[in-house]
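These notes concern the structure reproduced below.
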Amino acid sequence: NGRAGAFSAVRPFEAPVVGASVLADANGRRVVHVELDLTASGARYEPGDSVGVRCPNDHESLKAAAAALGVKEVSSSELIHNADLSAAPSRSVLRALAGWCSDTKERDLCLALAARPAGKLLYDACVARPRLKAYELLAALPSCRPPSEAALAGALPRLSARYYSVASSPLTPDGAARKEIVSLCFSVVKYEAGAGTNAAHSLEGADRVYARKGLCTTWLDELVRPVLAGKTITDRVPCFLKPSEAFALPEDPDAPILMVGPGTGVAPFVGFLEHRARKRRA
């Protein structure tokens with residue numbers, strides 16, 4: 001399995017959280033630094049690699065799913081961990097929901113949203129611009145009753161891994177040994193959606209603006225908050241290493257480098273600089 005070890009997106013490693021800190025928390029932007037212990041995974045990371053994180057669906061989406069299913073709580077691991085309840089409802093999802101609606105108006109609404117090209121403008125106004133989530137639509141359809149957790153999970157897209165650049169060196173500070181403690185840095189995603197909808201569709205009145213948040217960054221931030229308070233947690237982060245094929249430092253630690261990160265942020269370069277400094281000390 002090479003440097004990635006025996007784990008993957010299908011079979012992630014449950015990594016212990018061994019450290020966390022807040023790098024910034026002002027002007028609506030929160031940046032968190034997390035350290036995960038990959039030692040038992042067999043992975044050997046290098047700067048330039050990334051780590052895929054498999055987060056579960058959040059409590060709000062699972063509560064909506066349970067209500068639609070008529071159960072106290074969702075028990076299916078497939079629905080909790082592998083089906084994306086927060087994805088925008090696609091045409092296939094809309095058609096599945098329509099088939100589970102006993103109310104004619106609710107069924108017709110789903111089919112109208114799924115229709116092409118007739119429903120394109122309706123979909124833009126009701127789904128695309130407000131970033132409507134599948135579970136929100138499910139909650140808005142009282143007559144929609146999926147027959148089982150497996151049926152609902154099967155209708156939804158897969159909940160994909162979120163990738164974060166490695167922001168550390170595997171070398172110890174003196175450069176003499178390795179340690180598979182990997183650092184990740186992420187901004188907790190928060191944004192608003194829906195602005196401009198009325199103008200785009202020649203509608204009167206003020207736009208309805210929706211507060212949105214990133215699924216994985218919100219989950220990670222909440223998971224490590226006890227660590228930030230100095231406590232030890234037993235919760236693990238399901239993750240796997242994704243080795244880089246070309247994004248790496250030159251072998252010569254003295255070779256000059258120009259670092260440009262269009263879209264990558266500064267996290268991988270923090271790892272590059274730390275690794276170069278530690279190699280020079282070896």
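All residue names refer to the structure tokens as shown: chains lettered A, B, ... in order, residues numbered from 1 in each chain, ligands numbered from 1 in order.
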(message) List the spatial neighbours of Leu241 in chain A as a PyMOL selection string - criterion: any atom at most 7 Å away, only C-alpha atoms, same-chain residues fewer than 4 positions off excluded.
(response) chain A and resi 4+43+50-52
Those residues you just picked out, can you put them in a file as a PDB file, in the first residue's frame with C-alpha atoms?
ATOM      1  CA  ALA A   4      -0.553   5.404   2.712  1.00  0.00           C
ATOM      2  CA  ALA A  43       1.234   5.497   7.038  1.00  0.00           C
ATOM      3  CA  SER A  50      -2.976  15.544   2.245  1.00  0.00           C
ATOM      4  CA  VAL A  51      -5.202  13.772   4.749  1.00  0.00           C
ATOM      5  CA  GLY A  52      -8.749  12.754   3.872  1.00  0.00           C
TER       6      GLY A  52
END
Please tabulate, as a Markdown table, the residues of range 113-165 of chain A that come within 10 Å of range 176-192 of chain A, each with its closest pair of atoms and the distance in Å to one decimal, counting only C-alpha atoms and ordering rows by chain, then residue number upward.
| residue | atom | partner | partner_atom | distance |
| --- | --- | --- | --- | --- |
| A:Pro130 | CA | A:Glu192 | CA | 8.3 |
| A:Arg131 | CA | A:Glu192 | CA | 9.2 |
| A:Tyr163 | CA | A:Leu184 | CA | 9.8 |
| A:Tyr164 | CA | A:Leu184 | CA | 6.4 |
| A:Ser165 | CA | A:Leu184 | CA | 6.5 |
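Scanning range 48-180 of chain A with DSSP on the backbone, the strand (DSSP E or B) assignments fall on Ser50, Val51, Gly52, Val53, Ala83, Cys101, Cys144, Arg158, Arg162, Tyr163, Tyr164, Ser165, Val166, Leu171 and Arg178 of chain A.
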Export, as a short mmCIF file (atom, residue, chain, number, x, y, z; two decimals), in the first residue's frame, the selected residues with all heavy atoms.
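File part.cif, as written:
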data_model
loop_
_atom_site.label_atom_id
_atom_site.label_comp_id
_atom_site.auth_asym_id
_atom_site.auth_seq_id
_atom_site.Cartn_x
_atom_site.Cartn_y
_atom_site.Cartn_z
N SER A 50 -1.74 15.07 1.63
CA SER A 50 -2.98 15.54 2.25
C SER A 50 -3.61 14.39 3.02
O SER A 50 -3.30 13.23 2.80
CB SER A 50 -3.95 16.10 1.21
OG SER A 50 -4.25 15.12 0.22
N VAL A 51 -4.49 14.76 3.93
CA VAL A 51 -5.20 13.77 4.75
C VAL A 51 -6.69 13.89 4.46
O VAL A 51 -7.27 14.99 4.53
CB VAL A 51 -4.94 13.99 6.25
CG1 VAL A 51 -5.82 13.08 7.10
CG2 VAL A 51 -3.47 13.75 6.57
N GLY A 52 -7.30 12.78 4.09
CA GLY A 52 -8.75 12.75 3.87
C GLY A 52 -9.46 12.46 5.17
O GLY A 52 -9.08 11.53 5.89
N VAL A 53 -10.47 13.25 5.50
CA VAL A 53 -11.24 13.06 6.73
C VAL A 53 -12.65 12.64 6.38
O VAL A 53 -13.31 13.26 5.54
CB VAL A 53 -11.26 14.36 7.57
CG1 VAL A 53 -12.17 14.20 8.79
CG2 VAL A 53 -9.84 14.74 8.00
N ALA A 83 -23.99 8.27 3.51
CA ALA A 83 -24.94 8.96 2.63
C ALA A 83 -24.93 10.45 2.97
O ALA A 83 -24.94 10.82 4.14
CB ALA A 83 -26.34 8.38 2.82
N CYS A 101 -43.81 10.54 -1.46
CA CYS A 101 -44.78 11.52 -0.98
C CYS A 101 -46.20 11.01 -1.22
O CYS A 101 -46.56 10.66 -2.35
CB CYS A 101 -44.60 12.86 -1.69
SG CYS A 101 -43.13 13.79 -1.21
N CYS A 144 -43.70 12.90 3.01
CA CYS A 144 -42.63 12.08 2.43
C CYS A 144 -42.15 11.07 3.47
O CYS A 144 -41.62 11.44 4.51
CB CYS A 144 -41.47 12.96 1.97
SG CYS A 144 -40.20 12.05 1.07
N ARG A 158 -23.05 9.72 -2.17
CA ARG A 158 -22.09 9.31 -1.15
C ARG A 158 -21.53 10.52 -0.42
O ARG A 158 -21.31 11.58 -1.01
CB ARG A 158 -20.94 8.52 -1.77
CG ARG A 158 -21.36 7.27 -2.50
CD ARG A 158 -21.77 6.17 -1.56
NE ARG A 158 -20.65 5.62 -0.80
CZ ARG A 158 -20.78 4.68 0.12
NH1 ARG A 158 -21.96 4.20 0.43
NH2 ARG A 158 -19.72 4.21 0.75
N ARG A 162 -13.28 14.85 3.04
CA ARG A 162 -12.76 16.21 2.88
C ARG A 162 -11.25 16.15 3.05
O ARG A 162 -10.76 15.51 3.99
CB ARG A 162 -13.36 17.14 3.93
CG ARG A 162 -14.68 17.80 3.55
CD ARG A 162 -15.79 16.89 3.18
NE ARG A 162 -17.07 17.62 3.09
CZ ARG A 162 -18.20 17.08 2.76
NH1 ARG A 162 -18.28 15.79 2.48
NH2 ARG A 162 -19.31 17.82 2.70
N TYR A 163 -10.52 16.82 2.17
CA TYR A 163 -9.06 16.72 2.17
C TYR A 163 -8.42 17.98 2.74
O TYR A 163 -8.83 19.11 2.41
CB TYR A 163 -8.55 16.47 0.75
CG TYR A 163 -8.92 15.10 0.24
CD1 TYR A 163 -10.10 14.89 -0.47
CD2 TYR A 163 -8.11 13.99 0.50
CE1 TYR A 163 -10.46 13.62 -0.92
CE2 TYR A 163 -8.45 12.72 0.05
CZ TYR A 163 -9.63 12.54 -0.66
OH TYR A 163 -9.98 11.29 -1.10
N TYR A 164 -7.42 17.77 3.58
CA TYR A 164 -6.69 18.87 4.22
C TYR A 164 -5.19 18.66 4.02
O TYR A 164 -4.67 17.55 4.21
CB TYR A 164 -7.03 18.94 5.71
CG TYR A 164 -8.50 19.14 5.95
CD1 TYR A 164 -9.34 18.04 6.17
CD2 TYR A 164 -9.08 20.40 5.91
CE1 TYR A 164 -10.71 18.21 6.36
CE2 TYR A 164 -10.44 20.58 6.09
CZ TYR A 164 -11.25 19.48 6.32
OH TYR A 164 -12.60 19.64 6.48
N SER A 165 -4.51 19.73 3.63
CA SER A 165 -3.08 19.64 3.39
C SER A 165 -2.31 19.42 4.68
O SER A 165 -2.64 19.99 5.73
CB SER A 165 -2.58 20.94 2.74
OG SER A 165 -3.16 21.14 1.47
N VAL A 166 -1.27 18.60 4.60
CA VAL A 166 -0.37 18.39 5.73
C VAL A 166 0.36 19.70 6.03
O VAL A 166 0.89 20.36 5.13
CB VAL A 166 0.64 17.28 5.40
CG1 VAL A 166 1.80 17.29 6.38
CG2 VAL A 166 -0.05 15.93 5.40
N LEU A 171 9.58 14.78 10.73
CA LEU A 171 10.85 14.71 11.45
C LEU A 171 10.72 15.33 12.83
O LEU A 171 9.96 16.27 13.03
CB LEU A 171 11.95 15.43 10.67
CG LEU A 171 12.30 14.87 9.29
CD1 LEU A 171 13.40 15.72 8.65
CD2 LEU A 171 12.74 13.41 9.39
N ARG A 178 11.85 10.08 12.98
CA ARG A 178 10.51 10.37 12.45
C ARG A 178 9.46 10.25 13.55
O ARG A 178 9.63 9.50 14.52
CB ARG A 178 10.14 9.39 11.32
CG ARG A 178 10.83 9.63 10.02
CD ARG A 178 10.28 8.65 8.97
NE ARG A 178 8.86 8.85 8.71
CZ ARG A 178 8.38 9.60 7.72
NH1 ARG A 178 9.22 10.23 6.90
NH2 ARG A 178 7.09 9.74 7.53
#
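Between CA of Phe269 in chain A and CA of Pro256 in chain A the interatomic distance comes to 13.9 Å.
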(message) From the options A:Ser244, A:Ser148, A:Thr232, A:Ser160, which residue's atoms come nearest to Pro16 in chain A, counting only C-alpha atoms?
(response)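 Selected residue with least distance to Pro16 in chain A: A:Thr232.
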(message) Just checking: using only C-alpha atoms, which residue out of A:Leu85, A:Val17, A:Ala150, A:Ala24 ends up closest to Pro226 in chain A?
(response)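 When distances to Pro226 in chain A are compared using only C-alpha atoms, the smallest one comes from A:Val17.
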